[in-house]
Amino acid sequence: MKIYFAASIRGGRDDVKIYKELIDFLNQDNQVLTEHIGNGNLSVTSQSQSDDKYIRDRDINWMKEADLVVAETSNPSLGVGYELAYAEKLHKPVIILHNSTKSQLSAMINGTDYFKDIFEYETVSEAIEILKRSIKL
Ligand SMILES: O=c1[nH]c(=O)n([C@H]2C[C@H](O)[C@@H](COP(=O)(O)O)O2)cc1CO
């Protein structure tokens, strides 16, 4: 299945290694459309403002194509919040992974009835176990 993986870019890249591990796991039996999110060379400032319309339109097209959206929300990100609202608008299935030792999930996400699969984790292994249970790989 095609998976849209959402996680922070301009919101901060502290967790990029976690994103990469989750993407690598998902890619074993699926196609992650947004692999670039796990790229350690993609920094907060590495893409210029002039690319922004291209990025936004490309990502929305990928989301329309996706069978599932997986969002890692521990590092707050405006883009991820927007993507989650868009996933709700498109009625896409959504899995949210959140490490609550790092931040408290926004009420706008946690308080949205549409998001039923919100999971807390602390280690990457736990996050992968959650994905294994939630997705038929
Ligand atoms: O360069 C980018 N490429 C890209 O695909 N995005 C999308 C995918 C991510 O899930 C999300 C991150 O948003 P933000 O950059 O506001 O943290 O937005 C966001 C940016 C930069 O905002």
# chains A, B, ... in the order shown; residues from 1 in each chain; ligands from 1
call {"tool": "residues_around", "arguments": {"residues": "segment 2-10 of chain A", "least_positions_apart": "3", "cutoff": "7 Å", "atoms": "only C-alpha atoms", "output": "list in words"}}
result
Arg13, Asn30, Gln31, Val32, Leu33, Thr34, Ile37, Ser43, Val44, Trp62, Met63, Ala66, Asp67, Leu68, Val69, Val70, Ala71, Glu72, Thr73, Asn75, Pro76, Ser77 and Val80 of chain A
call {"tool": "closest_atom_pairs", "arguments": {"of": "segment 26-101 of chain A", "to": "segment 109-128 of chain A", "cutoff": "8 Å", "atoms": "only C-alpha atoms", "output": "JSON lines"}}
result
{"residue": "A:Gly81", "atom": "CA", "partner": "A:Ile109", "partner_atom": "CA", "distance": 7.6}
{"residue": "A:Leu84", "atom": "CA", "partner": "A:Ile109", "partner_atom": "CA", "distance": 7.9}
{"residue": "A:Glu88", "atom": "CA", "partner": "A:Tyr114", "partner_atom": "CA", "distance": 6.8}
{"residue": "A:Val94", "atom": "CA", "partner": "A:Phe115", "partner_atom": "CA", "distance": 6.7}
{"residue": "A:Ile95", "atom": "CA", "partner": "A:Asp117", "partner_atom": "CA", "distance": 5.1}
{"residue": "A:Ile96", "atom": "CA", "partner": "A:Ile118", "partner_atom": "CA", "distance": 4.7}
{"residue": "A:Leu97", "atom": "CA", "partner": "A:Phe119", "partner_atom": "CA", "distance": 5.1}
{"residue": "A:His98", "atom": "CA", "partner": "A:Glu120", "partner_atom": "CA", "distance": 4.9}
{"residue": "A:Asn99", "atom": "CA", "partner": "A:Tyr121", "partner_atom": "CA", "distance": 5.1}
{"residue": "A:Ser100", "atom": "CA", "partner": "A:Glu120", "partner_atom": "CA", "distance": 6.5}
{"residue": "A:Thr101", "atom": "CA", "partner": "A:Glu122", "partner_atom": "CA", "distance": 7.3}
call {"tool": "write_last_selection", "arguments": {"atoms": "N, CA and C atoms", "output": "short mmCIF file (atom, residue, chain, number, x, y, z; two decimals), in the first residue's frame"}}
result
data_model
loop_
_atom_site.label_atom_id
_atom_site.label_comp_id
_atom_site.auth_asym_id
_atom_site.auth_seq_id
_atom_site.Cartn_x
_atom_site.Cartn_y
_atom_site.Cartn_z
N GLY A 81 0.32 19.52 11.10
CA GLY A 81 -1.05 19.84 11.51
C GLY A 81 -1.94 20.06 10.30
N LEU A 84 -2.65 16.72 8.61
CA LEU A 84 -3.62 15.91 9.34
C LEU A 84 -5.05 16.41 9.07
N GLU A 88 -8.07 14.31 7.15
CA GLU A 88 -9.46 14.20 7.64
C GLU A 88 -10.43 14.61 6.53
N VAL A 94 -5.78 7.31 9.27
CA VAL A 94 -4.63 8.02 9.86
C VAL A 94 -4.14 7.29 11.11
N ILE A 95 -2.83 7.10 11.19
CA ILE A 95 -2.19 6.60 12.43
C ILE A 95 -1.28 7.71 12.93
N ILE A 96 -1.43 8.08 14.20
CA ILE A 96 -0.59 9.13 14.79
C ILE A 96 0.29 8.50 15.86
N LEU A 97 1.59 8.75 15.76
CA LEU A 97 2.57 8.28 16.75
C LEU A 97 3.11 9.49 17.50
N HIS A 98 3.03 9.44 18.82
CA HIS A 98 3.45 10.61 19.60
C HIS A 98 4.25 10.20 20.83
N ASN A 99 5.39 10.81 21.00
CA ASN A 99 6.21 10.58 22.20
C ASN A 99 5.90 11.69 23.20
N SER A 100 5.09 11.36 24.22
CA SER A 100 4.61 12.40 25.14
C SER A 100 5.67 12.84 26.13
N THR A 101 6.85 12.17 26.14
CA THR A 101 7.94 12.69 26.98
C THR A 101 8.57 13.92 26.30
#
call {"tool": "closest_residue", "arguments": {"among": "A:Ala107, A:Val16, A:Leu78, A:Leu22", "to": "ligand 1", "atoms": "only C-alpha atoms and all ligand atoms"}}
result
A:Leu78
call {"tool": "select_by_dssp", "arguments": {"residues": "chain A", "states": "strand (DSSP E or B)", "output": "compact mmCIF listing (two decimals) with C-alpha atoms, in the first residue's frame"}}
result
# COMPACT_ATOMS: atom_id res chain seq x y z
CA LYS A 2 1.00 3.61 -0.49
CA ILE A 3 1.77 5.49 2.71
CA TYR A 4 2.02 9.24 3.26
CA PHE A 5 4.45 9.66 6.17
CA ALA A 6 4.20 13.10 7.80
CA GLN A 31 5.70 2.32 -0.58
CA VAL A 32 6.36 5.46 1.46
CA LEU A 68 -2.81 5.49 4.67
CA VAL A 69 -1.33 8.51 6.47
CA VAL A 70 1.18 7.92 9.30
CA ALA A 71 2.13 11.04 11.26
CA GLU A 72 4.92 11.37 13.83
CA VAL A 94 -4.63 8.02 9.86
CA ILE A 95 -2.19 6.60 12.43
CA ILE A 96 -0.59 9.13 14.79
CA LEU A 97 2.57 8.28 16.75
CA HIS A 98 3.45 10.61 19.60
CA ASP A 117 -5.63 5.80 16.15
CA ILE A 118 -3.42 8.02 18.32
CA PHE A 119 -0.63 6.01 19.98
CA GLU A 120 1.94 7.06 22.55
call {"tool": "closest_residue", "arguments": {"among": "A:Asp29, A:Ala87, A:Ser134, A:Ser106", "to": "Glu65 of chain A", "atoms": "only C-alpha atoms"}}
result
A:Ala87
call {"tool": "atom_distance", "arguments": {"atom1": "atom CA of Asp59 of chain A", "atom2": "atom 11 (C, counted along the ligand's line) of ligand 1"}}
result
8.5 Å
